[in-house]
>>> print(open('structure-v8.cif').read())   # mmCIF, C-alpha atoms and all ligand atoms
data_model
loop_
_atom_site.label_atom_id
_atom_site.label_comp_id
_atom_site.auth_asym_id
_atom_site.auth_seq_id
_atom_site.Cartn_x
_atom_site.Cartn_y
_atom_site.Cartn_z
CA MET A 1 -29.00 -11.37 -4.75
CA VAL A 2 -26.51 -9.26 -2.77
CA GLN A 3 -28.28 -6.72 -0.56
CA LYS A 4 -25.83 -6.07 2.22
CA VAL A 5 -22.03 -6.23 2.42
CA THR A 6 -19.51 -6.02 5.28
CA VAL A 7 -16.02 -4.66 4.62
CA ILE A 8 -13.58 -5.53 7.43
CA GLY A 9 -10.74 -2.98 7.70
CA GLN A 10 -11.51 0.65 6.77
CA GLY A 11 -8.08 1.79 5.58
CA TYR A 12 -6.54 2.72 2.22
CA VAL A 13 -8.06 -0.39 0.63
CA GLY A 14 -11.24 -1.16 2.58
CA LEU A 15 -12.70 2.34 2.75
CA PRO A 16 -12.63 3.26 -0.99
CA LEU A 17 -13.92 -0.24 -1.72
CA ALA A 18 -16.79 0.13 0.77
CA ILE A 19 -17.73 3.50 -0.72
CA ALA A 20 -17.58 2.21 -4.32
CA ILE A 21 -19.95 -0.63 -3.33
CA ALA A 22 -22.29 1.80 -1.52
CA GLU A 23 -22.29 4.11 -4.55
CA SER A 24 -23.50 1.18 -6.67
CA GLY A 25 -26.62 1.05 -4.45
CA ILE A 26 -25.65 -1.86 -2.15
CA SER A 27 -25.83 -1.30 1.62
CA VAL A 28 -22.37 -1.51 3.30
CA ILE A 29 -21.16 -1.90 6.87
CA GLY A 30 -17.52 -0.92 7.39
CA VAL A 31 -15.95 -2.73 10.36
CA ASP A 32 -12.70 -1.62 11.97
CA ILE A 33 -11.05 -2.26 15.34
CA ASN A 34 -10.00 1.39 15.64
CA PRO A 35 -12.83 3.20 17.53
CA LYS A 36 -11.44 6.62 16.66
CA ARG A 37 -11.59 5.80 12.96
CA ILE A 38 -15.19 4.60 13.31
CA GLU A 39 -16.16 7.82 15.04
CA THR A 40 -14.51 9.94 12.34
CA LEU A 41 -16.08 7.95 9.52
CA ASN A 42 -19.59 8.15 10.95
CA ALA A 43 -19.10 11.90 11.33
CA GLY A 44 -18.50 12.04 7.56
CA ILE A 45 -14.81 12.92 7.88
CA SER A 46 -12.64 11.02 5.43
CA PRO A 47 -9.24 9.92 6.78
CA ILE A 48 -7.75 9.31 3.32
CA GLU A 49 -6.73 11.74 0.61
CA ASP A 50 -8.58 10.06 -2.27
CA LEU A 51 -12.00 10.17 -0.68
CA PRO A 52 -13.65 13.60 -0.29
CA ASP A 53 -15.85 14.14 2.80
CA SER A 54 -18.75 15.03 0.46
CA ILE A 55 -18.86 11.51 -1.03
CA LEU A 56 -18.61 9.87 2.40
CA LYS A 57 -21.42 12.10 3.72
CA LYS A 58 -23.56 11.32 0.68
CA VAL A 59 -23.46 7.53 1.23
CA ILE A 60 -24.02 7.96 4.98
CA ASN A 61 -27.01 10.24 4.45
CA SER A 62 -28.54 7.91 1.88
CA GLY A 63 -28.33 5.08 4.47
CA LEU A 64 -25.99 3.03 2.29
CA TYR A 65 -22.91 3.19 4.55
CA LYS A 66 -22.18 3.07 8.24
CA ALA A 67 -19.02 2.19 10.21
CA THR A 68 -18.88 0.08 13.36
CA ILE A 69 -16.50 -1.84 15.62
CA ASP A 70 -19.12 -4.54 16.09
CA PHE A 71 -18.27 -7.70 14.12
CA GLU A 72 -21.71 -9.14 14.89
CA GLU A 73 -23.13 -6.77 12.27
CA ALA A 74 -21.54 -9.10 9.68
CA ALA A 75 -24.13 -11.70 10.65
CA SER A 76 -26.76 -9.90 8.59
CA THR A 77 -24.71 -9.52 5.39
CA ASP A 78 -24.47 -11.57 2.19
CA VAL A 79 -20.82 -10.77 1.41
CA ILE A 80 -17.87 -10.20 3.79
CA LEU A 81 -14.73 -8.60 2.37
CA VAL A 82 -11.49 -8.69 4.35
CA CYS A 83 -9.11 -5.74 3.82
CA VAL A 84 -6.86 -5.72 6.90
CA PRO A 85 -3.08 -5.13 6.92
CA THR A 86 -0.64 -7.94 6.11
CA PRO A 87 2.70 -6.39 7.14
CA LEU A 88 6.08 -7.91 8.03
CA THR A 89 7.26 -8.96 11.49
CA SER A 90 10.40 -7.44 13.02
CA GLU A 91 12.23 -10.49 11.56
CA HIS A 92 11.16 -9.41 8.04
CA THR A 93 8.71 -12.32 7.64
CA PRO A 94 4.92 -12.32 6.88
CA ASP A 95 2.78 -11.18 9.80
CA LEU A 96 -0.74 -12.65 9.54
CA ASP A 97 -1.91 -11.55 13.00
CA PHE A 98 -4.32 -8.83 11.76
CA LEU A 99 -5.77 -11.24 9.22
CA THR A 100 -6.29 -14.13 11.62
CA GLN A 101 -7.81 -11.77 14.22
CA ALA A 102 -10.21 -10.39 11.60
CA ILE A 103 -11.25 -13.92 10.53
CA LYS A 104 -11.82 -14.89 14.17
CA GLY A 105 -13.78 -11.66 14.64
CA PHE A 106 -16.48 -12.50 12.10
CA SER A 107 -16.41 -16.26 11.46
CA LYS A 108 -18.88 -17.14 14.21
CA TYR A 109 -21.42 -14.78 12.62
CA ILE A 110 -21.35 -16.14 9.06
CA LYS A 111 -24.83 -16.78 7.70
CA GLU A 112 -25.93 -19.53 5.31
CA ASP A 113 -24.56 -19.15 1.75
CA SER A 114 -22.56 -16.02 2.49
CA LEU A 115 -19.60 -15.16 0.30
CA ILE A 116 -16.31 -14.37 2.07
CA ILE A 117 -13.68 -12.61 -0.04
CA ILE A 118 -10.10 -11.99 1.09
CA GLU A 119 -8.59 -8.85 -0.46
CA SER A 120 -5.51 -8.53 1.79
CA THR A 121 -2.25 -9.46 0.08
CA ILE A 122 -1.11 -12.97 1.08
CA GLU A 123 1.22 -15.69 -0.14
CA PRO A 124 -0.09 -18.55 -2.30
CA GLY A 125 -1.88 -21.22 -0.30
CA THR A 126 -2.99 -18.88 2.53
CA THR A 127 -6.70 -18.76 1.63
CA ARG A 128 -6.93 -22.53 1.22
CA ASN A 129 -4.58 -23.75 3.97
CA ILE A 130 -4.80 -21.07 6.68
CA ILE A 131 -8.00 -19.06 6.26
CA LYS A 132 -10.41 -21.90 5.43
CA PRO A 133 -9.37 -24.06 8.44
CA LEU A 134 -9.63 -20.97 10.70
CA ILE A 135 -13.19 -20.26 9.53
CA ASP A 136 -14.11 -23.93 9.81
CA GLU A 137 -13.18 -23.97 13.51
CA ASP A 138 -16.19 -21.68 14.12
CA VAL A 139 -18.51 -22.68 11.29
CA ARG A 140 -19.96 -26.12 11.82
CA LYS A 141 -22.96 -26.64 9.58
CA THR A 142 -23.35 -23.30 7.80
CA LYS A 143 -22.49 -23.43 4.10
CA TYR A 144 -20.33 -20.54 2.94
CA HIS A 145 -18.31 -19.65 -0.18
CA LEU A 146 -14.66 -18.56 0.00
CA ALA A 147 -12.90 -16.38 -2.59
CA PHE A 148 -9.72 -14.33 -2.97
CA SER A 149 -9.51 -11.12 -4.98
CA PRO A 150 -6.37 -8.99 -4.67
CA GLU A 151 -6.79 -5.24 -4.29
CA ARG A 152 -4.87 -3.08 -6.78
CA ILE A 153 -5.67 0.38 -5.52
CA ASP A 154 -2.99 3.01 -6.10
CA PRO A 155 -3.58 5.90 -3.66
CA LYS A 156 -3.77 9.31 -5.38
CA ASN A 157 -3.90 7.78 -8.85
CA THR A 158 -6.57 9.87 -10.56
CA ASN A 159 -6.77 7.68 -13.68
CA TRP A 160 -7.32 4.28 -12.08
CA SER A 161 -9.97 3.75 -9.38
CA VAL A 162 -11.81 0.80 -7.80
CA THR A 163 -14.31 0.90 -10.68
CA ASN A 164 -12.06 1.01 -13.75
CA THR A 165 -9.08 -1.05 -12.53
CA PRO A 166 -9.48 -4.64 -13.81
CA LYS A 167 -10.18 -7.01 -10.91
CA LEU A 168 -8.83 -10.56 -10.55
CA VAL A 169 -11.07 -13.05 -8.76
CA SER A 170 -10.63 -16.66 -7.70
CA GLY A 171 -12.59 -19.14 -5.60
CA LEU A 172 -12.12 -22.21 -3.49
CA THR A 173 -14.83 -23.70 -5.71
CA LYS A 174 -16.09 -22.80 -9.18
CA GLU A 175 -19.33 -21.63 -7.54
CA ALA A 176 -17.42 -19.26 -5.19
CA CYS A 177 -15.49 -17.85 -8.17
CA ASN A 178 -18.72 -17.30 -10.13
CA LEU A 179 -20.41 -15.62 -7.15
CA ALA A 180 -17.41 -13.33 -6.62
CA THR A 181 -17.35 -12.46 -10.34
CA GLU A 182 -21.05 -11.65 -10.27
CA PHE A 183 -20.64 -9.53 -7.11
CA TYR A 184 -17.71 -7.41 -8.37
CA SER A 185 -19.37 -6.95 -11.77
CA LYS A 186 -21.93 -4.72 -10.01
CA PHE A 187 -19.31 -1.99 -9.47
CA VAL A 188 -16.12 -2.97 -11.37
CA ASN A 189 -16.03 -2.67 -15.18
CA ASN A 190 -13.72 -5.59 -15.91
CA VAL A 191 -13.62 -8.72 -13.72
CA ILE A 192 -11.22 -11.51 -14.66
CA ALA A 193 -11.61 -15.01 -13.20
CA CYS A 194 -8.38 -16.88 -12.38
CA GLU A 195 -8.24 -20.65 -12.47
CA SER A 196 -7.31 -21.07 -8.80
CA LEU A 197 -6.86 -19.18 -5.53
CA GLU A 198 -3.11 -19.71 -5.80
CA VAL A 199 -2.95 -18.11 -9.29
CA ALA A 200 -4.64 -14.93 -8.02
CA GLU A 201 -2.57 -14.86 -4.80
CA THR A 202 0.66 -15.23 -6.79
CA ALA A 203 -0.39 -12.72 -9.48
CA LYS A 204 -0.64 -9.97 -6.86
CA LEU A 205 2.83 -10.81 -5.50
CA LEU A 206 4.22 -10.89 -9.06
CA GLU A 207 2.81 -7.41 -9.83
CA ASN A 208 4.44 -5.81 -6.81
CA SER A 209 7.69 -7.78 -7.04
CA PHE A 210 7.96 -6.57 -10.67
CA ARG A 211 7.77 -3.00 -9.39
CA LEU A 212 10.34 -3.54 -6.63
CA VAL A 213 12.82 -5.17 -9.02
CA ASN A 214 12.44 -2.46 -11.68
CA ILE A 215 12.54 0.46 -9.25
CA SER A 216 15.70 -0.94 -7.65
CA PHE A 217 17.17 -1.48 -11.14
CA ILE A 218 16.54 2.12 -12.19
CA ASN A 219 18.00 3.31 -8.88
CA GLU A 220 21.20 1.40 -9.68
CA ILE A 221 21.21 2.96 -13.16
CA SER A 222 20.71 6.36 -11.52
CA ILE A 223 23.85 5.84 -9.40
CA PHE A 224 25.71 4.85 -12.60
CA CYS A 225 24.48 8.00 -14.41
CA GLN A 226 25.54 10.17 -11.48
CA LYS A 227 29.09 8.77 -11.72
CA LEU A 228 29.03 9.51 -15.47
CA GLY A 229 27.74 13.03 -14.82
CA ILE A 230 24.60 12.57 -16.93
CA ASP A 231 20.95 13.01 -16.00
CA VAL A 232 19.21 9.66 -15.59
CA ASN A 233 15.80 11.20 -16.35
CA THR A 234 16.91 12.28 -19.84
CA VAL A 235 18.29 8.76 -20.40
CA ILE A 236 14.90 7.28 -19.40
CA SER A 237 13.04 9.74 -21.67
CA ALA A 238 15.31 8.76 -24.58
CA ALA A 239 14.84 5.00 -23.95
CA ALA A 240 11.08 5.45 -23.56
CA THR A 241 10.79 6.61 -27.19
CA LYS A 242 11.07 2.91 -28.09
CA PRO A 243 7.46 1.94 -28.80
CA TYR A 244 7.75 -1.66 -27.54
CA GLY A 245 9.73 -3.71 -25.01
CA PHE A 246 10.56 -0.84 -22.62
CA MET A 247 8.61 0.43 -19.62
CA PRO A 248 9.95 3.51 -17.83
CA PHE A 249 10.59 3.45 -14.08
CA TYR A 250 11.93 6.52 -12.30
CA PRO A 251 14.66 7.06 -9.69
CA SER A 252 13.91 7.71 -6.02
CA ILE A 253 15.24 7.25 -2.53
CA GLY A 254 13.64 3.79 -2.56
CA VAL A 255 10.22 2.20 -2.29
CA GLY A 256 7.86 2.50 0.69
CA GLY A 257 4.23 2.06 1.70
CA HIS A 258 2.36 -1.07 2.70
CA CYS A 259 2.81 -2.90 -0.63
CA ILE A 260 6.00 -2.69 -2.71
CA PRO A 261 8.58 -3.25 0.07
CA VAL A 262 6.38 -5.88 1.77
CA ASP A 263 4.67 -8.08 -0.83
CA PRO A 264 7.88 -9.35 -2.52
CA ILE A 265 9.01 -10.63 0.90
CA TYR A 266 5.81 -12.71 1.05
CA LEU A 267 6.76 -14.17 -2.34
CA ALA A 268 10.36 -14.81 -1.26
CA ASN A 269 9.17 -16.43 1.96
CA LYS A 270 6.95 -18.88 0.08
CA ALA A 271 9.73 -19.50 -2.45
CA ARG A 272 12.08 -20.52 0.39
CA GLN A 273 9.48 -22.99 1.66
CA VAL A 274 9.23 -24.69 -1.74
CA GLY A 275 12.97 -24.50 -2.49
CA ALA A 276 12.76 -21.97 -5.37
CA PRO A 277 15.34 -19.17 -5.75
CA THR A 278 14.24 -15.50 -5.69
CA ARG A 279 17.62 -13.85 -6.26
CA PHE A 280 16.11 -10.88 -8.14
CA ILE A 281 13.82 -10.08 -5.22
CA ASP A 282 16.56 -10.56 -2.62
CA LEU A 283 18.94 -8.26 -4.52
CA ALA A 284 16.24 -5.67 -5.25
CA ASP A 285 15.30 -5.62 -1.56
CA GLN A 286 18.97 -5.12 -0.66
CA ILE A 287 19.46 -2.29 -3.20
CA ASN A 288 16.26 -0.67 -1.99
CA GLN A 289 17.46 -0.71 1.61
CA GLU A 290 20.83 0.75 0.57
CA MET A 291 19.37 3.78 -1.26
CA PRO A 292 18.91 6.05 1.80
CA GLY A 293 22.56 5.36 2.76
CA TYR A 294 23.67 6.27 -0.77
CA PHE A 295 21.98 9.68 -0.41
CA VAL A 296 23.54 10.19 3.04
CA GLY A 297 26.89 9.69 1.26
CA ARG A 298 25.92 12.17 -1.48
CA ALA A 299 24.95 14.75 1.18
CA GLU A 300 28.25 14.19 2.96
CA GLU A 301 30.19 14.69 -0.30
CA LYS A 302 28.23 17.83 -1.16
CA LEU A 303 28.91 19.49 2.19
CA GLY A 304 32.37 17.99 2.80
CA GLY A 305 31.14 16.28 6.01
CA LEU A 306 27.86 16.42 7.91
CA LYS A 307 28.99 17.16 11.47
CA ALA A 308 26.92 20.05 12.92
CA LYS A 309 25.47 20.80 9.45
CA LYS A 310 21.82 21.85 9.37
CA VAL A 311 19.97 19.67 6.87
CA LEU A 312 16.33 19.96 5.79
CA VAL A 313 14.63 16.84 4.44
CA VAL A 314 11.75 17.83 2.15
CA GLY A 315 8.85 15.34 1.93
CA VAL A 316 8.80 12.38 4.32
CA SER A 317 5.88 10.23 3.12
CA TYR A 318 6.71 7.21 0.98
CA LYS A 319 5.46 8.76 -2.27
CA PRO A 320 4.42 12.19 -3.55
CA ASN A 321 1.04 13.70 -2.62
CA VAL A 322 0.08 11.20 0.10
CA ALA A 323 0.43 11.47 3.89
CA ASP A 324 1.28 7.78 4.34
CA VAL A 325 4.63 7.22 6.12
CA ARG A 326 4.44 3.42 6.40
CA GLU A 327 7.81 1.88 5.43
CA THR A 328 8.98 5.26 4.15
CA PRO A 329 12.66 5.16 3.12
CA VAL A 330 12.97 8.75 4.42
CA GLU A 331 13.16 7.38 7.96
CA ALA A 332 16.47 5.62 7.15
CA LEU A 333 17.72 8.77 5.39
CA ILE A 334 17.08 10.92 8.46
CA SER A 335 18.64 8.46 10.90
CA GLY A 336 21.68 8.05 8.57
CA LEU A 337 22.17 11.83 8.44
CA LYS A 338 21.85 12.10 12.23
CA LYS A 339 24.38 9.30 12.75
CA LYS A 340 26.89 11.37 10.77
CA GLY A 341 26.36 14.29 13.17
CA ALA A 342 23.94 16.42 11.11
CA GLN A 343 21.14 18.40 12.72
CA VAL A 344 18.12 17.22 10.73
CA LEU A 345 14.72 18.89 10.43
CA TRP A 346 11.98 17.95 7.98
CA HIS A 347 9.19 19.61 6.06
CA ASP A 348 5.99 17.89 4.93
CA ASP A 349 2.65 19.71 5.11
CA LEU A 350 0.76 16.52 4.29
CA VAL A 351 2.31 14.49 7.13
CA LYS A 352 2.55 17.45 9.59
CA GLU A 353 3.55 15.32 12.63
CA TRP A 354 5.66 12.16 12.62
CA ASN A 355 7.82 10.27 15.15
CA SER A 356 6.93 12.94 17.78
CA GLU A 357 8.38 15.68 15.57
CA LYS A 358 6.60 18.44 13.66
CA SER A 359 7.06 19.66 10.10
CA VAL A 360 9.10 22.89 9.89
CA ILE A 361 8.55 25.62 7.29
CA LEU A 362 10.58 25.85 4.08
CA SER A 363 13.21 28.59 4.52
CA ASN A 364 16.76 29.49 3.57
CA ASP A 365 18.12 28.68 7.04
CA PHE A 366 19.84 25.41 6.08
CA ASP A 367 23.21 24.15 4.81
CA LEU A 368 21.47 21.63 2.55
CA ALA A 369 17.95 20.63 1.50
CA ILE A 370 17.36 17.05 0.39
CA ILE A 371 14.28 16.61 -1.81
CA ALA A 372 13.17 13.17 -0.65
CA THR A 373 9.48 13.13 -1.65
CA PRO A 374 8.50 15.90 -4.11
CA HIS A 375 4.84 16.70 -3.35
CA ASP A 376 3.12 18.85 -5.99
CA TYR A 377 2.33 21.62 -3.47
CA LEU A 378 6.01 22.32 -2.65
CA ASP A 379 7.31 25.79 -3.48
CA LEU A 380 11.06 25.22 -3.55
CA LYS A 381 11.70 28.94 -4.21
CA LYS A 382 11.18 29.38 -0.46
CA LEU A 383 14.54 27.61 0.06
CA GLY A 384 16.31 30.63 -1.45
CA ASN A 385 19.88 29.69 -2.34
CA VAL A 386 20.16 26.64 -0.05
CA PRO A 387 22.05 23.91 -1.99
CA ILE A 388 19.68 21.12 -3.06
CA LEU A 389 20.22 17.38 -3.32
CA ASN A 390 17.44 15.85 -5.43
CA THR A 391 16.79 12.13 -4.88
CA ARG A 392 14.63 12.00 -8.03
CA GLY A 393 17.52 12.52 -10.41
CA SER A 394 21.22 11.85 -10.77
CA ILE A 395 22.63 15.37 -11.02
N1 LIG B 401 -2.38 0.59 0.60
C1 LIG B 401 -2.38 0.16 -0.63
O1 LIG B 401 -2.12 0.93 -1.53
C2 LIG B 401 -2.73 -1.29 -0.98
C3 LIG B 401 -2.94 -1.62 -2.32
C4 LIG B 401 -3.28 -2.91 -2.66
C5 LIG B 401 -3.37 -3.89 -1.65
N2 LIG B 401 -3.14 -3.56 -0.33
C6 LIG B 401 -3.30 -4.62 0.68
O2 LIG B 401 -4.55 -4.42 1.33
C7 LIG B 401 -4.47 -4.79 2.71
C8 LIG B 401 -4.90 -3.61 3.58
O3 LIG B 401 -3.99 -2.53 3.41
P1 LIG B 401 -4.36 -1.02 3.75
O4 LIG B 401 -3.30 -0.19 3.08
O5 LIG B 401 -5.78 -0.75 3.48
O6 LIG B 401 -4.12 -0.99 5.33
P2 LIG B 401 -4.52 0.20 6.33
O7 LIG B 401 -3.58 0.12 7.47
O8 LIG B 401 -4.67 1.50 5.58
O9 LIG B 401 -5.97 -0.18 6.82
C9 LIG B 401 -6.25 -1.34 7.49
C10 LIG B 401 -7.39 -1.09 8.48
O10 LIG B 401 -7.71 -2.34 9.06
C11 LIG B 401 -7.96 -2.14 10.45
N3 LIG B 401 -7.77 -3.41 11.13
C12 LIG B 401 -6.62 -4.00 11.53
N4 LIG B 401 -6.88 -5.19 12.09
C13 LIG B 401 -8.23 -5.36 12.04
C14 LIG B 401 -9.09 -6.39 12.46
N5 LIG B 401 -8.62 -7.49 13.05
N6 LIG B 401 -10.41 -6.23 12.25
C15 LIG B 401 -10.90 -5.10 11.66
N7 LIG B 401 -10.12 -4.10 11.24
C16 LIG B 401 -8.80 -4.23 11.43
C17 LIG B 401 -6.99 -1.05 10.87
O11 LIG B 401 -7.45 -0.40 12.04
C18 LIG B 401 -7.01 -0.15 9.62
O12 LIG B 401 -7.96 0.89 9.72
C19 LIG B 401 -3.02 -5.24 2.92
O13 LIG B 401 -2.96 -6.64 2.77
C20 LIG B 401 -2.28 -4.58 1.78
O14 LIG B 401 -1.10 -5.29 1.41
C21 LIG B 401 -2.84 -2.27 0.01
#
>>> encode(input="structure-v8.cif", output="structure tokens", more="lines below")
Ligand SMILES: NC(=O)c1ccc[n+]([C@@H]2O[C@H](COP(=O)([O-])OP(=O)(O)OC[C@H]3O[C@@H](n4cnc5c(N)ncnc54)[C@H](O)[C@@H]3O)[C@@H](O)[C@H]2O)c1
Amino acid sequence: MVQKVTVIGQGYVGLPLAIAIAESGISVIGVDINPKRIETLNAGISPIEDLPDSILKKVINSGLYKATIDFEEAASTDVILVCVPTPLTSEHTPDLDFLTQAIKGFSKYIKEDSLIIIESTIEPGTTRNIIKPLIDEDVRKTKYHLAFSPERIDPKNTNWSVTNTPKLVSGLTKEACNLATEFYSKFVNNVIACESLEVAETAKLLENSFRLVNISFINEISIFCQKLGIDVNTVISAAATKPYGFMPFYPSIGVGGHCIPVDPIYLANKARQVGAPTRFIDLADQINQEMPGYFVGRAEEKLGGLKAKKVLVVGVSYKPNVADVRETPVEALISGLKKKGAQVLWHDDLVKEWNSEKSVILSNDFDLAIIATPHDYLDLKKLGNVPILNTRGSI
């Protein structure tokens, strides 16, 4: 019987998960190494767009949620969920430092029969071959259960939440898989057991690699449509009338965030180790990285050179309506424009401050405005008759 849960990592994944568990009536401790975040959370101030302060305050006031930096609190809980970042190193390879530090943070406090579930995205074999041995260094006689369940949260998606998004689970043993299924079934509508840890680990990488490949493909098609002088979005709408065998993806300046540009590299890394080719991923990654440069070229063409031109970049987060700038392709766009001699300013009322610069207001005082990330709140009329380059279309 699960009475108390610890969620390690209170970010885009761990916080909504912790709150969904608390809302189901289970007591939750949110652990994070960032003291400022802990302070904000305990004050009932939500750091992420999807979670209103009112819901956070409600679970705090009902005694079902509290945040702490103290890993020892995990010692009193039945389930420990790990939701820490799994980014890339500067050499573009998997960086497991946050994950291994988190495991080391709580493993000495594991109590008898507790269930440990990894939610961070990892390559196949990590739970079995890296995480289990790490836990075992600190756990001598205590029996514990180890599971992996990939998180699928899509920030700002109002249709799909923690509760109604189907959840994959897997366990080191059948018993661990059953316990994880039983646990998630308390607050997730549809829980699907996978036959091994490696199946669930790979499924998550497949989902996000599928997105990278298809987004890069549509971006190539968008470049093709631009050369033809036709609007790629009307081509996609026409193709999407086919009731089967087609799934629309839409053009952009490239993918960003903590998942789509990162997870396929985890898959490619593992594929290299086992001698399997991942040419689709490698090419999609390359196309994705070239997209900002393509739009620098389009801006240059539009203005007949960028030297001393005043360019406004509109929207700098990695996708519309979020303030997350991790891996945003807009960073490469801005540095590419600057390299060509442009004076670049940016506007984004969700991000406000970024790379020691502040968002400027939308006005007509520019030679060109590049719509990089079209947030819903934007009122482009404020740009007056400034020429616009839209990265979400081909004309
Ligand atoms: N962001 C998404 O949309 C998304 C979706 C699905 C899966 N994921 C995966 O979930 C994992 C977490 O991603 P995120 O977006 O929530 O990251 P995040 O950066 O928003 O949050 C991670 C939190 O973990 C904390 N942290 C770091 N190291 C820690 C440690 N050793 N102990 C305790 N806390 C620690 C950080 O301070 C931060 O608050 C990643 O593996 C990611 O690939 C993310």
>>> closest_residue(input="structure-v8.cif", among="A:Leu99, A:Val232, A:Val79, A:Ala74", to="ligand LIG 401 (chain B)", atoms="all atoms listed in the file")
A:Leu99
>>> atom_distance(input="structure-v8.cif", atom1="CA of Thr127 (chain A)", atom2="CA of Ala147 (chain A)")
7.9 Å
>>> residues_near_point(input="structure-v8.cif", point="(7.2, -11.1, 4.6)", cutoff="10 Å", atoms="all atoms listed in the file", output="list in words")
Thr86, Pro87, Leu88, Thr89, Ser90, Glu91, His92, Thr93, Pro94, Asp95, Leu96, Ile122, Glu123, Pro261, Val262, Asp263, Pro264, Ile265, Tyr266, Leu267, Ala268, Asn269 and Lys270 of chain A
>>> residues_around(input="structure-v8.cif", residues="Gly30 (chain A)", least_positions_apart="5", cutoff="7 Å", atoms="only C-alpha atoms", output="NGL selection string")
:A and (6-8 or 10 or 18 or 66-68)
>>> residues_near_ligand(input="structure-v8.cif", ligand="ligand LIG 401 (chain B)", cutoff="8 Å", atoms="all atoms listed in the file", output="CSV table (one decimal) with C-alpha atoms, keeping the file's coordinate frame")
chain,number,residue,atom,x,y,z
A,8,ILE,CA,-13.6,-5.5,7.4
A,9,GLY,CA,-10.7,-3.0,7.7
A,10,GLN,CA,-11.5,0.6,6.8
A,11,GLY,CA,-8.1,1.8,5.6
A,12,TYR,CA,-6.5,2.7,2.2
A,13,VAL,CA,-8.1,-0.4,0.6
A,14,GLY,CA,-11.2,-1.2,2.6
A,15,LEU,CA,-12.7,2.3,2.8
A,31,VAL,CA,-16.0,-2.7,10.4
A,32,ASP,CA,-12.7,-1.6,12.0
A,33,ILE,CA,-11.0,-2.3,15.3
A,34,ASN,CA,-10.0,1.4,15.6
A,37,ARG,CA,-11.6,5.8,13.0
A,69,ILE,CA,-16.5,-1.8,15.6
A,83,CYS,CA,-9.1,-5.7,3.8
A,84,VAL,CA,-6.9,-5.7,6.9
A,85,PRO,CA,-3.1,-5.1,6.9
A,86,THR,CA,-0.6,-7.9,6.1
A,87,PRO,CA,2.7,-6.4,7.1
A,97,ASP,CA,-1.9,-11.6,13.0
A,98,PHE,CA,-4.3,-8.8,11.8
A,99,LEU,CA,-5.8,-11.2,9.2
A,100,THR,CA,-6.3,-14.1,11.6
A,101,GLN,CA,-7.8,-11.8,14.2
A,102,ALA,CA,-10.2,-10.4,11.6
A,103,ILE,CA,-11.2,-13.9,10.5
A,105,GLY,CA,-13.8,-11.7,14.6
A,119,GLU,CA,-8.6,-8.8,-0.5
A,120,SER,CA,-5.5,-8.5,1.8
A,121,THR,CA,-2.2,-9.5,0.1
A,122,ILE,CA,-1.1,-13.0,1.1
A,150,PRO,CA,-6.4,-9.0,-4.7
A,151,GLU,CA,-6.8,-5.2,-4.3
A,152,ARG,CA,-4.9,-3.1,-6.8
A,153,ILE,CA,-5.7,0.4,-5.5
A,154,ASP,CA,-3.0,3.0,-6.1
A,155,PRO,CA,-3.6,5.9,-3.7
A,257,GLY,CA,4.2,2.1,1.7
A,258,HIS,CA,2.4,-1.1,2.7
A,259,CYS,CA,2.8,-2.9,-0.6
A,262,VAL,CA,6.4,-5.9,1.8
A,263,ASP,CA,4.7,-8.1,-0.8
>>> residues_near_point(input="structure-v8.cif", point="(-20.6, -21.4, -6.5)", cutoff="12 Å", atoms="all atoms listed in the file", output="short mmCIF file (atom, residue, chain, number, x, y, z; two decimals) with C-alpha atoms, keeping the file's coordinate frame")
data_model
loop_
_atom_site.label_atom_id
_atom_site.label_comp_id
_atom_site.auth_asym_id
_atom_site.auth_seq_id
_atom_site.Cartn_x
_atom_site.Cartn_y
_atom_site.Cartn_z
CA ASP A 113 -24.56 -19.15 1.75
CA SER A 114 -22.56 -16.02 2.49
CA LEU A 115 -19.60 -15.16 0.30
CA ILE A 116 -16.31 -14.37 2.07
CA LYS A 143 -22.49 -23.43 4.10
CA TYR A 144 -20.33 -20.54 2.94
CA HIS A 145 -18.31 -19.65 -0.18
CA LEU A 146 -14.66 -18.56 0.00
CA ALA A 147 -12.90 -16.38 -2.59
CA SER A 170 -10.63 -16.66 -7.70
CA GLY A 171 -12.59 -19.14 -5.60
CA LEU A 172 -12.12 -22.21 -3.49
CA THR A 173 -14.83 -23.70 -5.71
CA LYS A 174 -16.09 -22.80 -9.18
CA GLU A 175 -19.33 -21.63 -7.54
CA ALA A 176 -17.42 -19.26 -5.19
CA CYS A 177 -15.49 -17.85 -8.17
CA ASN A 178 -18.72 -17.30 -10.13
CA LEU A 179 -20.41 -15.62 -7.15
CA ALA A 180 -17.41 -13.33 -6.62
CA THR A 181 -17.35 -12.46 -10.34
CA GLU A 182 -21.05 -11.65 -10.27
CA PHE A 183 -20.64 -9.53 -7.11
#
>>> closest_residue(input="structure-v8.cif", among="A:Lys340, A:Lys310, A:Ile19, A:Gly44", to="Asp365 (chain A)", atoms="all atoms listed in the file")
A:Lys310
>>> closest_residue(input="structure-v8.cif", among="A:Val351, A:Ile218, A:Ile55, A:Leu312", to="Ile388 (chain A)", atoms="all atoms listed in the file")
A:Leu312
